[in-house]
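This report refers to the structure that appears directly beneath it.
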Amino acid sequence: MPRNRRTVLACRPGVNGESRPENFRTEDCGYPVVQDGKVLAKTLFLSVDPYMRCRMNEDTGSHYLSPWQLDHACEGGGVGVVIDSKHKDFHPGDYVETWVWPWQEYSQVSPEGLRKLDPTLFGSRLSLALGALGMPGATALVGIRERGHVTPGANQTFVVSGAAGACGSLAGQIARLEGAANIVGICGSEEKCRLLMEELGFDHAVNYRTDNVADRLKEACPRGVDSYFDNVGGEISETVIKQMNEGSHVILCGQISVYNKDVPYPPPLPQEVTDILKERNITRERFLIMNYLDKFEESGIQLAKWIQEGKLKVKETVVEGIEKTGEAFVSMMKGGNVGKMIVHVADP
Ligand code: NDP
């Protein structure tokens, strides 16, 4: 039997404070025996995502996420290949994906929520199931379509924060494809700004670590902001909202700037910003992709088409080895990724 390893939650970081590599531990574990109705799979790719930060706490503060248990394998989005099956719908050789994949090299996965990957959409790029053709891609596309009010020909300005990450790098490109005229990205390094401008077709890029965000936004958005895809919250988002137009729209996707703090979601805004939202009639309802599962298939087909036509560029940062999964998560939370952060565990 092959060696089997898993990455477990070794200790919790506490609700206030950054996660650290020491919060995770990789160890040998038993090789699973497949039970009736279940599937045995080899893990190929794992996803690390910002929402996992709350699963590191004893109380996730969320009705749809349970906490990871100490000394148990963490879990999240994953892709693998079926190597044994006692379920009629899955067969050895099938490539599959689920949102509750254990951080373990070989594991028994539950068929509930297990999705076979369609080779016509993915080709040989299976990791796309965790990024552009998975949850982040759907979040970007459905978020824009449901909340962005992007209208072709209306000369609109679209701003996205976390712009070089998994959702953000797609959101800016999708907004262009959907008809926005001026695309502005906010991110945390010069390298990322260059990527947005030179590879992904953004019109302007703002480095929030070194630029005066308010001044740079004024230059980049002379007609004000019509749609804002908010991945980060905090001061950056308050600065953007102050430059938003009457009747404009915030796509409230995420607030990563407060994920290491014990605050409710979404965190309360300063009174001045709340007043602006009201006075200018700016919409800002919470957006959650889990509420749009019925749109997943359709959005995957659209995104795959754009990728195949060369209209949507996909960036990934790939870390090698299951023992690096914890480090990959910690790094992503600090901006160590360009595009989707992926862990490559094994080849088929
Ligand atoms: P990313 O790939 O964008 O990775 C996270 C990025 O956040 C980092 O690369 C870093 O980039 C940036 N970041 C970290 N800390 C800060 C900070 N204090 N201020 C500003 N930026 C920061 O992750 P995802 O694309 O997976 O997720 C992006 C957002 O979307 C998250 O808030 C996430 O929770 C949310 N989300 C929401 C979903 C929904 O259904 N509503 C679904 C999926 C994701 P940089 O170098 O630029 O700082």
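Following the order of the structure tokens, first chain is A, next is B, and so on, with residues numbered from 1 inside each chain and ligands from 1 in the order they appear.
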Go through chain A and flag each residue having an atom no more than 8 Å from ligand 1; for those, report the closest pair of atoms plus their distance in Å to one decimal, using only C-alpha atoms and all ligand atoms, ordered by chain and rising number, as a tab-separated table.
```
residue	atom	partner	partner_atom_place_in_ligand_line	distance
A:Val48	CA	ligand 1	26 (O)	7.8
A:Asp49	CA	ligand 1	26 (O)	4.9
A:Pro50	CA	ligand 1	34 (O)	4.8
A:Tyr51	CA	ligand 1	34 (O)	5.0
A:Met135	CA	ligand 1	43 (C)	6.3
A:Pro136	CA	ligand 1	43 (C)	5.1
A:Thr139	CA	ligand 1	42 (C)	5.4
A:Gly143	CA	ligand 1	41 (N)	8.0
A:Ser161	CA	ligand 1	21 (N)	7.1
A:Gly162	CA	ligand 1	47 (O)	4.7
A:Ala163	CA	ligand 1	47 (O)	6.4
A:Ala164	CA	ligand 1	47 (O)	6.1
A:Gly165	CA	ligand 1	3 (O)	3.3
A:Ala166	CA	ligand 1	25 (O)	3.6
A:Cys167	CA	ligand 1	25 (O)	3.7
A:Gly168	CA	ligand 1	25 (O)	5.8
A:Ser169	CA	ligand 1	25 (O)	7.9
A:Ile186	CA	ligand 1	47 (O)	6.9
A:Cys187	CA	ligand 1	47 (O)	3.5
A:Gly188	CA	ligand 1	47 (O)	3.6
A:Ser189	CA	ligand 1	46 (O)	5.9
A:Lys192	CA	ligand 1	46 (O)	7.3
A:Asn207	CA	ligand 1	47 (O)	7.9
A:Tyr208	CA	ligand 1	20 (C)	7.6
A:Asp230	CA	ligand 1	29 (C)	7.7
A:Asn231	CA	ligand 1	29 (C)	4.1
A:Val232	CA	ligand 1	20 (C)	5.1
A:Gly233	CA	ligand 1	19 (N)	7.5
A:Gly234	CA	ligand 1	19 (N)	7.5
A:Ile236	CA	ligand 1	20 (C)	7.2
A:Leu252	CA	ligand 1	41 (N)	7.0
A:Cys253	CA	ligand 1	41 (N)	4.0
A:Gly254	CA	ligand 1	32 (O)	3.2
A:Gln255	CA	ligand 1	32 (O)	4.5
A:Ile256	CA	ligand 1	32 (O)	4.2
A:Ser257	CA	ligand 1	18 (N)	3.5
A:Val258	CA	ligand 1	18 (N)	6.8
A:Arg286	CA	ligand 1	41 (N)	7.4
A:Phe287	CA	ligand 1	41 (N)	5.0
A:Leu288	CA	ligand 1	40 (O)	3.6
A:Ile289	CA	ligand 1	40 (O)	3.7
A:Met290	CA	ligand 1	40 (O)	6.1
A:Met332	CA	ligand 1	9 (O)	5.1
A:Met333	CA	ligand 1	14 (C)	5.0
A:Lys334	CA	ligand 1	14 (C)	4.8
A:Gly335	CA	ligand 1	9 (O)	3.3
A:Gly336	CA	ligand 1	9 (O)	5.8
A:Asn337	CA	ligand 1	9 (O)	5.0
A:Val338	CA	ligand 1	9 (O)	6.5
A:Gly339	CA	ligand 1	2 (O)	5.5
A:Lys340	CA	ligand 1	2 (O)	5.0
A:Met341	CA	ligand 1	2 (O)	6.2
```
All residues 8 Å or closer to stretch 268-283 of chain A, only C-alpha atoms, same chain fewer than 3 positions away omitted, as a PDB file with N, CA, C and O atoms, in the first residue's frame:
```pdb
ATOM      1  N   GLU A 238     -13.466  51.752   2.242  1.00  0.00           N
ATOM      2  CA  GLU A 238     -14.065  53.044   2.644  1.00  0.00           C
ATOM      3  C   GLU A 238     -13.616  54.147   1.683  1.00  0.00           C
ATOM      4  O   GLU A 238     -14.411  55.014   1.284  1.00  0.00           O
ATOM      5  N   ILE A 241     -15.563  53.705  -1.600  1.00  0.00           N
ATOM      6  CA  ILE A 241     -16.985  54.085  -1.474  1.00  0.00           C
ATOM      7  C   ILE A 241     -17.134  55.611  -1.519  1.00  0.00           C
ATOM      8  O   ILE A 241     -18.085  56.143  -2.110  1.00  0.00           O
ATOM      9  N   LYS A 242     -16.170  56.326  -0.938  1.00  0.00           N
ATOM     10  CA  LYS A 242     -16.251  57.795  -0.944  1.00  0.00           C
ATOM     11  C   LYS A 242     -16.215  58.358  -2.367  1.00  0.00           C
ATOM     12  O   LYS A 242     -16.609  59.495  -2.598  1.00  0.00           O
ATOM     13  N   MET A 244     -17.684  56.791  -4.983  1.00  0.00           N
ATOM     14  CA  MET A 244     -18.711  56.116  -5.799  1.00  0.00           C
ATOM     15  C   MET A 244     -19.825  57.088  -6.200  1.00  0.00           C
ATOM     16  O   MET A 244     -20.137  58.034  -5.494  1.00  0.00           O
ATOM     17  N   ASN A 245     -20.407  56.795  -7.351  1.00  0.00           N
ATOM     18  CA  ASN A 245     -21.445  57.666  -7.931  1.00  0.00           C
ATOM     19  C   ASN A 245     -22.817  57.394  -7.328  1.00  0.00           C
ATOM     20  O   ASN A 245     -23.065  56.337  -6.757  1.00  0.00           O
ATOM     21  N   GLU A 246     -23.705  58.343  -7.536  1.00  0.00           N
ATOM     22  CA  GLU A 246     -25.131  58.188  -7.196  1.00  0.00           C
ATOM     23  C   GLU A 246     -25.669  56.925  -7.914  1.00  0.00           C
ATOM     24  O   GLU A 246     -25.389  56.715  -9.097  1.00  0.00           O
ATOM     25  N   GLY A 247     -26.373  56.084  -7.178  1.00  0.00           N
ATOM     26  CA  GLY A 247     -26.990  54.899  -7.795  1.00  0.00           C
ATOM     27  C   GLY A 247     -25.996  53.825  -8.212  1.00  0.00           C
ATOM     28  O   GLY A 247     -26.304  52.997  -9.059  1.00  0.00           O
ATOM     29  N   SER A 248     -24.796  53.835  -7.619  1.00  0.00           N
ATOM     30  CA  SER A 248     -23.791  52.826  -7.996  1.00  0.00           C
ATOM     31  C   SER A 248     -23.927  51.589  -7.100  1.00  0.00           C
ATOM     32  O   SER A 248     -24.804  51.533  -6.235  1.00  0.00           O
ATOM     33  N   HIS A 249     -23.031  50.598  -7.325  1.00  0.00           N
ATOM     34  CA  HIS A 249     -23.246  49.285  -6.698  1.00  0.00           C
ATOM     35  C   HIS A 249     -21.953  48.697  -6.135  1.00  0.00           C
ATOM     36  O   HIS A 249     -20.959  48.627  -6.849  1.00  0.00           O
ATOM     37  N   VAL A 250     -22.024  48.247  -4.875  1.00  0.00           N
ATOM     38  CA  VAL A 250     -20.918  47.497  -4.289  1.00  0.00           C
ATOM     39  C   VAL A 250     -21.270  46.012  -4.382  1.00  0.00           C
ATOM     40  O   VAL A 250     -22.364  45.604  -3.996  1.00  0.00           O
ATOM     41  N   PRO A 264     -17.837  41.047  13.692  1.00  0.00           N
ATOM     42  CA  PRO A 264     -18.906  40.387  12.938  1.00  0.00           C
ATOM     43  C   PRO A 264     -18.708  40.561  11.438  1.00  0.00           C
ATOM     44  O   PRO A 264     -17.925  41.410  11.011  1.00  0.00           O
TER      45      PRO A 264
END
```
Exercise. Rank A:Ala175, A:Cys193, A:Met1, A:Leu217 by their smallest atom-to-atom distance to A:Gly148, using only C-alpha atoms, and report the top residue only.
Key: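 Selected residue with least distance to A:Gly148: A:Ala175.
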Practice problem: Go through A:Pro152, A:Ala129, A:Val343, A:Ser237 and flag the residue nearest A:Leu303, using only C-alpha atoms for the distances. | Solution: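 Smallest distance to A:Leu303 is found for A:Ala129.
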Quiz item: Which residues in stretch 119-221 of chain A does DSSP call strand (DSSP E or B)? List them as a list in words.
Solution: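 Filtering stretch 119-221 of chain A down to strand (DSSP E or B) leaves Thr157, Phe158, Val159, Val160, Ser161, Gly165, Asn182, Ile183, Val184, Gly185, Ile186, Cys187, His204, Ala205, Val206 and Asn207 of chain A.
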Quiz item: Closest to A:Tyr292 among A:Lys311, A:Arg209, A:Lys38, A:Arg145, using only C-alpha atoms?
Solution: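 Looking only at the distances to A:Tyr292, the closest residue turns out to be A:Arg145.
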Quiz item: With distances taken over only C-alpha atoms, which of A:Thr43, A:Gln35, A:Ser66, A:Asn57 is nearest to A:Val96?
Solution: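 Nearest to A:Val96: A:Thr43.
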Self-check item: All helix (DSSP H, G or I) residues (DSSP, backbone) inside stretch 7-242 of chain A, as a ChimeraX atom specification
Solution: /A:21-23,52-55,119-122,126-130,135-148,166-178,190-199,213-220,234-242
Self-check item: Which of A:Pro21, A:Pro119, A:Pro348, A:Gly134 sits closest to A:Lys295 [using only C-alpha atoms]
Solution: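 Selected residue with least distance to A:Lys295: A:Gly134.
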If you take only C-alpha atoms and a cut-off of 12 Å, which residues of stretch 234-347 of chain A touch stretch 100-109 of chain A, and what are their nearest atom pairs and distances in Å to one decimal, in chain and number order, as JSON lines?
```
{"residue": "A:Gly321", "atom": "CA", "partner": "A:Glu105", "partner_atom": "CA", "distance": 9.5}
{"residue": "A:Ile322", "atom": "CA", "partner": "A:Glu105", "partner_atom": "CA", "distance": 7.2}
{"residue": "A:Glu323", "atom": "CA", "partner": "A:Trp103", "partner_atom": "CA", "distance": 9.4}
{"residue": "A:Lys324", "atom": "CA", "partner": "A:Trp103", "partner_atom": "CA", "distance": 10.7}
{"residue": "A:Thr325", "atom": "CA", "partner": "A:Trp103", "partner_atom": "CA", "distance": 7.9}
{"residue": "A:Gly326", "atom": "CA", "partner": "A:Trp103", "partner_atom": "CA", "distance": 9.7}
{"residue": "A:Val343", "atom": "CA", "partner": "A:Trp103", "partner_atom": "CA", "distance": 10.1}
{"residue": "A:His344", "atom": "CA", "partner": "A:Glu105", "partner_atom": "CA", "distance": 10.7}
{"residue": "A:Val345", "atom": "CA", "partner": "A:Glu105", "partner_atom": "CA", "distance": 7.1}
{"residue": "A:Ala346", "atom": "CA", "partner": "A:Glu105", "partner_atom": "CA", "distance": 8.0}
{"residue": "A:Asp347", "atom": "CA", "partner": "A:Glu105", "partner_atom": "CA", "distance": 11.1}
```
Quiz item: Taking only C-alpha atoms into account, which of A:Ala171, A:Leu46, A:Pro2, A:Val34 comes nearest A:Val319?
Solution: A:Leu46
Quiz item: If we count only C-alpha atoms, what is near A:Gly61 at a cut-off of 10 Å, once residues fewer than 3 positions away on the same chain are taken out, given as a PyMOL selection string?
Solution: chain A and resi 54-55+57-58+64-67+262-265
Residues of stretch 27-87 of chain A within 6 Å of stretch 7-19 of chain A: nearest atom pair and distance (Å, one decimal) for each, counting only C-alpha atoms, sorted by chain and number, as JSON lines?
```
{"residue": "A:Met56", "atom": "CA", "partner": "A:Arg12", "partner_atom": "CA", "distance": 5.8}
{"residue": "A:Leu70", "atom": "CA", "partner": "A:Leu9", "partner_atom": "CA", "distance": 5.1}
{"residue": "A:Asp71", "atom": "CA", "partner": "A:Val8", "partner_atom": "CA", "distance": 5.3}
{"residue": "A:His72", "atom": "CA", "partner": "A:Val8", "partner_atom": "CA", "distance": 5.0}
{"residue": "A:Ala73", "atom": "CA", "partner": "A:Val8", "partner_atom": "CA", "distance": 4.1}
{"residue": "A:Cys74", "atom": "CA", "partner": "A:Val8", "partner_atom": "CA", "distance": 5.4}
```
Selected residues written out, N, CA, C and O atoms, as a PDB file, in the first residue's frame:
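Saved result, selection_29.pdb, follows:
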```pdb
ATOM      1  N   MET A  56     -10.569  27.921  11.342  1.00  0.00           N
ATOM      2  CA  MET A  56      -9.490  27.683  12.319  1.00  0.00           C
ATOM      3  C   MET A  56      -9.917  28.074  13.730  1.00  0.00           C
ATOM      4  O   MET A  56      -9.240  27.738  14.705  1.00  0.00           O
ATOM      5  N   LEU A  70      -9.207  20.005  15.953  1.00  0.00           N
ATOM      6  CA  LEU A  70      -7.784  19.824  16.253  1.00  0.00           C
ATOM      7  C   LEU A  70      -7.378  18.370  16.000  1.00  0.00           C
ATOM      8  O   LEU A  70      -8.146  17.444  16.317  1.00  0.00           O
ATOM      9  N   ASP A  71      -6.214  18.176  15.422  1.00  0.00           N
ATOM     10  CA  ASP A  71      -5.630  16.845  15.158  1.00  0.00           C
ATOM     11  C   ASP A  71      -6.414  16.030  14.124  1.00  0.00           C
ATOM     12  O   ASP A  71      -6.188  14.826  13.983  1.00  0.00           O
ATOM     13  N   HIS A  72      -7.345  16.675  13.429  1.00  0.00           N
ATOM     14  CA  HIS A  72      -8.040  16.027  12.308  1.00  0.00           C
ATOM     15  C   HIS A  72      -7.576  16.692  11.015  1.00  0.00           C
ATOM     16  O   HIS A  72      -7.216  17.871  11.020  1.00  0.00           O
ATOM     17  N   ALA A  73      -7.659  15.929   9.920  1.00  0.00           N
ATOM     18  CA  ALA A  73      -7.292  16.516   8.628  1.00  0.00           C
ATOM     19  C   ALA A  73      -8.187  17.725   8.346  1.00  0.00           C
ATOM     20  O   ALA A  73      -9.413  17.655   8.528  1.00  0.00           O
ATOM     21  N   CYS A  74      -7.575  18.815   7.917  1.00  0.00           N
ATOM     22  CA  CYS A  74      -8.371  19.966   7.464  1.00  0.00           C
ATOM     23  C   CYS A  74      -9.050  19.551   6.162  1.00  0.00           C
ATOM     24  O   CYS A  74      -8.705  18.527   5.561  1.00  0.00           O
TER      25      CYS A  74
END
```
Exercise. Considering only C-alpha atoms, return as a PyMOL selection string whatever protein or nucleic-acid residues lie within 12 Å of A:Phe122, sequence-local ones (same chain, fewer than 4 positions apart) excluded.
Key: chain A and resi 79+95-97+116-118+126-134+300-301+303-305+307-308
Quiz item: How far is it from atom CA of A:Leu121 to atom CA of A:Gly201, in Å with one decimal?
Solution: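 About the pair atom CA of A:Leu121 and atom CA of A:Gly201: they are 23.8 Å apart.
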Practice problem: Work out how far atom CA of A:Gly78 is from atom CA of A:Leu195, in Å to one decimal. | Solution: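 For atom CA of A:Leu195 relative to atom CA of A:Gly78, the distance reads 26.8 Å.
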Practice problem: Record the distance separating atom CA of A:Leu293 and atom CA of A:Leu114, expressed in Å with one decimal. | Solution: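 Going from atom CA of A:Leu293 over to atom CA of A:Leu114, I get 13.8 Å.
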